[in-house]
Each structure stands twice: as C-alpha cells, then as structure tokens.
Amino acid sequence: MRPIDFTGKLVVVTGASSGLGREIARTLALSEGADLVIAARRQDRLEALKAELESQCRARVHVVVVDLSTPDGPERLFREASARGEVFGLVNCAGITFYGRTMEVPLERSLQIVAVNQIAIMKLTLLFLGAFLPRGTGAILSITSVAAFVPWPFQNIYSAAKSAVQHFMEGLAHEYKGSGVSFSTFAPGGMATEMLALSGLDRKHGMDSPFNMHPALSARKALTAFKRHKLCRVPGILNRMGMIIFKHAPRAFSWWAAAGNLAP
Ligand SMILES: NC(=O)c1ccc[n+]([C@@H]2O[C@H](COP(=O)([O-])OP(=O)(O)OC[C@H]3O[C@@H](n4cnc5c(N)ncnc54)[C@H](OP(=O)(O)O)[C@@H]3O)[C@@H](O)[C@H]2O)c1
C-alpha cells in the first residue's frame, strides 16, 4: 500500500486544544498540507491554534467546540465536520484519566472517562466509517495507550476503555481489509501533557520525568505510522520492550509489576 498523502485532504482531530492532539493538528497542517477540523471544549485554545496555523501555512482550519462526553456530542461533530467538506481522515485523540483506586474515583468521573475514551471514539469511528466505506477511501487513527494491553491498576477504568478501543480498531481493520479505508492505533507511554496534572498522575510521575516523551515527538511518530497504515504503533524502545514483556509474561507477573510500579 502506498503511504497516505494528506495534502489538501480534510482531517478531523479531536483533543486538538492541548497535548498530543494539538501537536498532531500542527504536524498535519504544517508538514503534511492537510486541512483540518479541530475539536475540543475550549474554544479559545482552538481559535488560537487556527490563527497560528492559518498564518503559517495554506491550511484551512475549522473549529468545532464540542463536549464529547455528552450523548449527542460525537454526532454533532460528525455533522458539523461533514458540512465543511468531504472528510478524508479522523484522528481520535481526546482523552481523560484519573489516578487512584477504582472506588476512589467519583462515579461521575468514571462514566466520563468511558464516554470520552471509549463511547465517543466508537461513535465517531462508526459515523465516519459509514461515509468512508462507500467512497472506498479514508483513514482513522485512534490514540490508545500502553495501558490498553494489560490491566493498569490505579487507572483501571481508563485502561479498560483503552483496551476496548484497541480491540475495536484491530477488529475493524480485519473486517474491512481491502476496503480502501486505513485503520491505525498509536499507543504512547507517558507524555508531559495536561493529562498528568489533571488526573493527579504528576504526583507519581513528575512532569519532567525523562521517561515522558515530548508530545511533538510523539505526534511525528504517530503520523509516520498512520501514513504507513501501521495498525498498532507503540513509540519508544522502553515502552516497546515493556509491552513485549507484559504480553508474554504470565498475567500474574504483569499485575505484580504494574501494581508495584504504579501504586500511589
Ligand atoms: N499524557 C500521557 O501520558 C498519555 C499516555 C498514553 C496515552 N495518552 C493519550 O493521548 C491522548 C491525548 O492526551 P494528552 O496527553 O495530549 O492529554 P491532554 O493534553 O490533557 O489533552 C486532552 C485533550 O482531550 C480533550 N478533551 C477532554 N475531555 C473532552 C471532552 N469531554 N470533550 C471533548 N474533548 C475533550 C481536551 O480538550 P478540552 O479540555 O478543551 O475539551 C484536550 O484537547 C489521549 O487519548 C490520552 O489517553 C496520553
């Protein structure tokens, strides 16, 4: 398969107001020549990114302010993005987590984690896939996590939601092989983004930990893999080694190692 050429194509990026999503949007516009629909809740951040990108390149950037944890949020984003032009690509990047034992997480927060990290991604993917399949072209990238592959204590609901999306994307890739639609996942380890501070994870892994990958580097790796139709990419040699060990070691070892490493 030839690498994807995003030049002049319209790509929807969720979670574009911060962290990895913002860097993916920047790279898509500045280095790949894509037009964008950027989505998140914070309008000021999205408008600032639109102004920055439109002043630096020829990309057309559309802003959609949306809360993806609401039942109608994903469908509204689909409708508003589709009204801006023929959408070629979808990057599911919006995500939230919480650091702590499962029952310490307020129920409302747990439901929001599932809504943003799992339900919204499934809804958006199904809606856009419904438009891509009849055209025989399109590309979907979902950001998962190393926590998608093994139970990740103290981010349990997040880990379960990421694992569901990882399975979902891999299942779609098999079902729709040869359809012309490309399916990719990108599963980072730690990145120094707002997510760490918002979830309390910064208490465990400081923002300046040398193991945190810079989101701009992570974005470049994600897009390189996406362009090459990689079904699953874990960036960073240490993360990849960790995943190999976790995948092949007895489950009890994974639990023990993860719990020891991650406990507050
Ligand atoms: N940081 C890490 O260590 C790490 C590790 C592995 C995987 N990841 C994954 O990487 C992706 C990006 O995370 P990040 O680290 O870049 O985090 P981040 O800087 O906190 O960005 C999260 C993005 O999600 C958006 N978002 C959150 N709740 C939303 C909602 N209800 N509706 C719409 N948008 C919402 C936020 O925008 P608004 O607040 O403006 O809505 C923001 O743009 C996530 O999928 C995350 O799970 C991160």
# chains A, B, ... in the order shown; residues from 1 in each chain; ligands from 1
>>> select_by_dssp(residues="region 24-179 of chain A", states="strand (DSSP E or B)", output="VMD selection string")
chain A and resid 35 to 40 61 to 65 87 to 92 138 to 143
>>> write_last_selection(atoms="N, CA and C atoms", output="tab-separated table (two decimals), in the first residue's frame")
chain	number	residue	atom	x	y	z
A	35	ASP	N	-5.98	20.03	5.42
A	35	ASP	CA	-6.96	20.95	6.01
A	35	ASP	C	-7.54	20.25	7.23
A	36	LEU	N	-8.01	21.06	8.18
A	36	LEU	CA	-8.39	20.45	9.46
A	36	LEU	C	-9.76	20.88	9.96
A	37	VAL	N	-10.40	19.97	10.67
A	37	VAL	CA	-11.47	20.32	11.61
A	37	VAL	C	-10.90	19.99	12.98
A	38	ILE	N	-10.73	21.01	13.82
A	38	ILE	CA	-10.16	20.76	15.15
A	38	ILE	C	-11.27	20.86	16.19
A	39	ALA	N	-11.29	19.89	17.12
A	39	ALA	CA	-12.42	19.80	18.05
A	39	ALA	C	-11.93	19.63	19.49
A	40	ALA	N	-12.66	20.25	20.40
A	40	ALA	CA	-12.43	20.11	21.85
A	40	ALA	C	-13.48	21.00	22.52
A	61	VAL	N	-8.55	25.80	8.41
A	61	VAL	CA	-8.78	25.16	9.71
A	61	VAL	C	-10.16	25.57	10.23
A	62	HIS	N	-10.99	24.59	10.53
A	62	HIS	CA	-12.34	24.84	11.04
A	62	HIS	C	-12.39	24.41	12.51
A	63	VAL	N	-13.06	25.21	13.30
A	63	VAL	CA	-13.16	24.93	14.74
A	63	VAL	C	-14.55	24.37	15.06
A	64	VAL	N	-14.59	23.27	15.78
A	64	VAL	CA	-15.87	22.78	16.31
A	64	VAL	C	-15.71	22.62	17.83
A	65	VAL	N	-16.50	23.38	18.57
A	65	VAL	CA	-16.48	23.28	20.03
A	65	VAL	C	-17.50	22.21	20.44
A	87	VAL	N	-14.79	14.77	4.32
A	87	VAL	CA	-13.79	14.41	5.33
A	87	VAL	C	-13.05	13.15	4.86
A	88	PHE	N	-11.72	13.20	4.88
A	88	PHE	CA	-10.89	12.05	4.49
A	88	PHE	C	-10.41	11.27	5.71
A	89	GLY	N	-10.10	12.00	6.79
A	89	GLY	CA	-9.45	11.32	7.92
A	89	GLY	C	-10.04	11.72	9.26
A	90	LEU	N	-9.89	10.81	10.23
A	90	LEU	CA	-10.35	11.06	11.60
A	90	LEU	C	-9.22	10.66	12.55
A	91	VAL	N	-8.85	11.59	13.44
A	91	VAL	CA	-7.88	11.27	14.49
A	91	VAL	C	-8.60	11.38	15.83
A	92	ASN	N	-8.83	10.25	16.48
A	92	ASN	CA	-9.47	10.21	17.79
A	92	ASN	C	-8.41	10.38	18.85
A	138	GLY	N	-10.31	6.58	2.95
A	138	GLY	CA	-10.42	7.22	4.25
A	138	GLY	C	-9.41	6.62	5.21
A	139	ALA	N	-9.21	7.28	6.34
A	139	ALA	CA	-8.20	6.81	7.29
A	139	ALA	C	-8.61	7.21	8.70
A	140	ILE	N	-8.47	6.26	9.63
A	140	ILE	CA	-8.86	6.51	11.02
A	140	ILE	C	-7.70	6.12	11.94
A	141	LEU	N	-7.31	7.08	12.78
A	141	LEU	CA	-6.27	6.83	13.79
A	141	LEU	C	-6.89	7.04	15.16
A	142	SER	N	-6.78	6.05	16.03
A	142	SER	CA	-7.22	6.22	17.42
A	142	SER	C	-6.02	6.14	18.34
A	143	ILE	N	-5.92	7.12	19.24
A	143	ILE	CA	-4.83	7.11	20.21
A	143	ILE	C	-5.28	6.24	21.38
>>> residues_near_ligand(ligand="ligand 1", cutoff="6 Å", atoms="only C-alpha atoms and all ligand atoms", output="compact mmCIF listing (two decimals) with C-alpha atoms, in the first residue's frame")
# COMPACT_ATOMS: atom_id res chain seq x y z
CA GLY A 15 -8.49 16.74 21.56
CA ALA A 16 -6.80 19.46 19.49
CA SER A 17 -6.78 22.09 22.26
CA SER A 18 -3.87 20.52 24.13
CA GLY A 19 -1.03 18.00 24.27
CA LEU A 20 -0.75 15.29 21.63
CA GLY A 21 -3.89 16.31 19.70
CA ALA A 40 -12.43 20.11 21.85
CA ARG A 41 -14.35 22.05 24.54
CA ARG A 42 -12.02 25.06 24.97
CA VAL A 66 -17.92 20.05 21.41
CA ASP A 67 -18.17 18.08 24.63
CA LEU A 68 -17.59 14.50 23.54
CA SER A 69 -18.81 13.10 26.86
CA CYS A 93 -7.16 11.83 20.32
CA ALA A 94 -9.36 13.37 23.06
CA GLY A 95 -8.83 11.54 26.33
CA ILE A 96 -9.04 11.86 30.10
CA VAL A 116 -14.72 10.25 26.17
CA ILE A 143 -4.83 7.11 20.21
CA THR A 144 -4.85 4.35 22.79
CA SER A 145 -2.09 3.77 25.37
CA PRO A 188 2.07 6.00 23.82
CA GLY A 189 3.56 5.66 27.28
CA GLY A 190 3.99 8.77 29.42
CA MET A 191 3.91 12.24 27.84
CA ALA A 192 4.26 15.53 29.72
CA THR A 193 0.82 16.97 28.96
CA GLU A 194 -2.06 18.50 30.91
CA MET A 195 -3.44 14.99 31.37
CA LEU A 196 -0.81 14.23 34.01
>>> closest_residue(among="A:Gly178, A:Glu86, A:Val150, A:Phe183", to="Ile245 (chain A)", atoms="only C-alpha atoms")
A:Val150
>>> atom_distance(atom1="CA of Ser110 (chain A)", atom2="CA of Ser159 (chain A)")
11.5 Å
>>> residues_around(residues="Ala197 (chain A)", least_positions_apart="6", cutoff="12 Å", atoms="only C-alpha atoms", output="PyMOL selection string")
chain A and resi 19+96-99+191+203-208
>>> write_last_selection(atoms="N, CA and C atoms", output="compact mmCIF listing (two decimals), in the first residue's frame")
# COMPACT_ATOMS: atom_id res chain seq x y z
N GLY A 19 -1.83 19.22 24.29
CA GLY A 19 -1.03 18.00 24.27
C GLY A 19 -0.84 17.36 22.90
N ILE A 96 -9.18 11.44 28.70
CA ILE A 96 -9.04 11.86 30.10
C ILE A 96 -8.77 10.63 30.95
N THR A 97 -8.15 10.84 32.11
CA THR A 97 -7.97 9.71 33.02
C THR A 97 -8.08 10.20 34.46
N PHE A 98 -7.84 9.30 35.40
CA PHE A 98 -7.87 9.61 36.83
C PHE A 98 -6.88 8.68 37.50
N TYR A 99 -6.09 9.20 38.41
CA TYR A 99 -5.09 8.36 39.08
C TYR A 99 -5.57 8.02 40.48
N MET A 191 3.58 10.98 28.53
CA MET A 191 3.91 12.24 27.84
C MET A 191 3.61 13.37 28.82
N ARG A 203 1.71 13.36 40.49
CA ARG A 203 2.19 13.02 41.84
C ARG A 203 3.13 11.81 41.77
N LYS A 204 2.85 10.91 40.83
CA LYS A 204 3.64 9.69 40.72
C LYS A 204 4.79 9.87 39.74
N HIS A 205 4.46 10.35 38.54
CA HIS A 205 5.47 10.55 37.51
C HIS A 205 5.55 12.05 37.28
N GLY A 206 6.59 12.70 37.80
CA GLY A 206 6.71 14.15 37.66
C GLY A 206 6.62 14.56 36.20
N MET A 207 6.22 15.81 35.97
CA MET A 207 6.08 16.31 34.60
C MET A 207 7.42 16.25 33.88
N ASP A 208 8.53 16.37 34.64
CA ASP A 208 9.84 16.41 33.98
C ASP A 208 10.56 15.06 33.99
>>> closest_residue(among="A:Arg79, A:Lys50, A:Arg101, A:Arg84", to="Pro264 (chain A)", atoms="only C-alpha atoms")
A:Arg101
>>> closest_residue(among="A:Ala25, A:Leu53, A:Ala147, A:Leu124", to="Lys247 (chain A)", atoms="only C-alpha atoms")
A:Ala147
>>> residues_around(residues="Ser179 (chain A)", least_positions_apart="5", cutoff="9 Å", atoms="only C-alpha atoms", output="MDAnalysis selection string")
chainID A and resid 133:134 136:137
>>> residues_around(residues="region 171-175 of chain A", least_positions_apart="3", cutoff="10 Å", atoms="only C-alpha atoms", output="ChimeraX atom specification")
/A:125-126,129,165-168,178-179,181-184,231
>>> write_last_selection(atoms="C-alpha atoms", output="JSON list (two decimals), in the first residue's frame")
[["chain", "number", "residue", "atom", "x", "y", "z"],
["A", 125, "THR", "CA", -15.45, 5.93, 14.09],
["A", 126, "LEU", "CA", -18.74, 4.29, 13.10],
["A", 129, "LEU", "CA", -16.59, 4.87, 8.56],
["A", 165, "VAL", "CA", -10.80, 0.77, 21.64],
["A", 166, "GLN", "CA", -7.64, -1.19, 20.81],
["A", 167, "HIS", "CA", -9.72, -4.34, 20.20],
["A", 168, "PHE", "CA", -12.37, -2.39, 18.31],
["A", 178, "GLY", "CA", -9.21, -4.23, 1.25],
["A", 179, "SER", "CA", -11.99, -1.65, 1.64],
["A", 181, "VAL", "CA", -10.03, 2.56, 4.50],
["A", 182, "SER", "CA", -6.93, 2.56, 6.70],
["A", 183, "PHE", "CA", -7.14, 1.77, 10.45],
["A", 184, "SER", "CA", -4.36, 2.68, 12.87],
["A", 231, "LEU", "CA", -2.25, -0.99, 12.62]]
>>> select_by_dssp(residues="region 53-208 of chain A", states="alpha helix (DSSP H)", output="PyMOL selection string")
chain A and resi 53-56+73-83+107-114+120-135+156-175+194-199
>>> write_last_selection(atoms="C-alpha atoms", output="mmCIF file, in the first residue's frame")
data_model
loop_
_atom_site.group_PDB
_atom_site.id
_atom_site.type_symbol
_atom_site.label_atom_id
_atom_site.label_comp_id
_atom_site.auth_asym_id
_atom_site.auth_seq_id
_atom_site.Cartn_x
_atom_site.Cartn_y
_atom_site.Cartn_z
ATOM 1 C CA LEU A 53 -1.774 27.514 11.599
ATOM 2 C CA GLU A 54 -3.544 29.724 9.068
ATOM 3 C CA SER A 55 -0.820 32.363 9.500
ATOM 4 C CA GLN A 56 1.932 29.814 8.854
ATOM 5 C CA GLY A 73 -21.528 15.350 21.046
ATOM 6 C CA PRO A 74 -19.954 12.850 18.613
ATOM 7 C CA GLU A 75 -22.880 13.014 16.179
ATOM 8 C CA ARG A 76 -22.828 16.823 16.213
ATOM 9 C CA LEU A 77 -19.101 16.808 15.450
ATOM 10 C CA PHE A 78 -19.721 14.378 12.575
ATOM 11 C CA ARG A 79 -22.461 16.605 11.137
ATOM 12 C CA GLU A 80 -20.551 19.871 11.548
ATOM 13 C CA ALA A 81 -17.312 18.423 10.121
ATOM 14 C CA SER A 82 -19.096 16.859 7.150
ATOM 15 C CA ALA A 83 -20.728 20.218 6.400
ATOM 16 C CA LEU A 107 -18.758 7.759 39.689
ATOM 17 C CA GLU A 108 -19.429 10.791 37.502
ATOM 18 C CA ARG A 109 -15.742 10.907 36.554
ATOM 19 C CA SER A 110 -15.634 7.174 35.784
ATOM 20 C CA LEU A 111 -18.593 7.497 33.447
ATOM 21 C CA GLN A 112 -16.955 10.494 31.777
ATOM 22 C CA ILE A 113 -13.741 8.503 31.248
ATOM 23 C CA VAL A 114 -15.722 5.778 29.482
ATOM 24 C CA ALA A 120 -17.189 8.832 21.707
ATOM 25 C CA ILE A 121 -14.395 7.098 19.779
ATOM 26 C CA MET A 122 -16.639 4.212 18.790
ATOM 27 C CA LYS A 123 -19.457 6.566 17.762
ATOM 28 C CA LEU A 124 -17.198 8.863 15.728
ATOM 29 C CA THR A 125 -15.445 5.930 14.088
ATOM 30 C CA LEU A 126 -18.743 4.289 13.100
ATOM 31 C CA LEU A 127 -20.196 7.554 11.786
ATOM 32 C CA PHE A 128 -17.156 8.462 9.680
ATOM 33 C CA LEU A 129 -16.594 4.869 8.558
ATOM 34 C CA GLY A 130 -20.149 4.899 7.225
ATOM 35 C CA ALA A 131 -19.108 7.792 4.971
ATOM 36 C CA PHE A 132 -15.665 6.402 4.066
ATOM 37 C CA LEU A 133 -16.673 2.869 3.015
ATOM 38 C CA PRO A 134 -18.940 3.812 0.075
ATOM 39 C CA ARG A 135 -16.134 6.083 -1.215
ATOM 40 C CA ASN A 156 -8.369 0.919 35.855
ATOM 41 C CA ILE A 157 -11.405 2.419 34.075
ATOM 42 C CA TYR A 158 -9.132 4.262 31.653
ATOM 43 C CA SER A 159 -7.193 1.077 30.927
ATOM 44 C CA ALA A 160 -10.410 -0.884 30.319
ATOM 45 C CA ALA A 161 -11.702 1.822 27.933
ATOM 46 C CA LYS A 162 -8.393 1.998 26.031
ATOM 47 C CA SER A 163 -8.300 -1.777 25.741
ATOM 48 C CA ALA A 164 -11.827 -1.773 24.291
ATOM 49 C CA VAL A 165 -10.796 0.774 21.645
ATOM 50 C CA GLN A 166 -7.639 -1.186 20.808
ATOM 51 C CA HIS A 167 -9.717 -4.337 20.203
ATOM 52 C CA PHE A 168 -12.366 -2.390 18.305
ATOM 53 C CA MET A 169 -9.838 -0.829 15.901
ATOM 54 C CA GLU A 170 -8.000 -4.101 15.289
ATOM 55 C CA GLY A 171 -11.334 -5.856 14.671
ATOM 56 C CA LEU A 172 -12.369 -3.194 12.143
ATOM 57 C CA ALA A 173 -9.022 -3.492 10.362
ATOM 58 C CA HIS A 174 -9.632 -7.204 9.841
ATOM 59 C CA GLU A 175 -13.290 -6.866 8.858
ATOM 60 C CA GLU A 194 -2.057 18.499 30.911
ATOM 61 C CA MET A 195 -3.435 14.994 31.366
ATOM 62 C CA LEU A 196 -0.808 14.229 34.014
ATOM 63 C CA ALA A 197 -1.701 17.249 36.148
ATOM 64 C CA LEU A 198 -5.481 16.955 35.607
ATOM 65 C CA SER A 199 -5.523 13.308 36.675
#
>>> residues_around(residues="Arg233 (chain A)", least_positions_apart="2", cutoff="9 Å", atoms="only C-alpha atoms", output="list in words")
Ser184, Thr185, Phe186, Ala187, Pro188, Lys221, Ala222, Ala225, Phe226, Lys230, Leu231, Pro235 and Arg240 of chain A
>>> atom_distance(atom1="CA of Met213 (chain A)", atom2="CA of Gln43 (chain A)")
26.4 Å
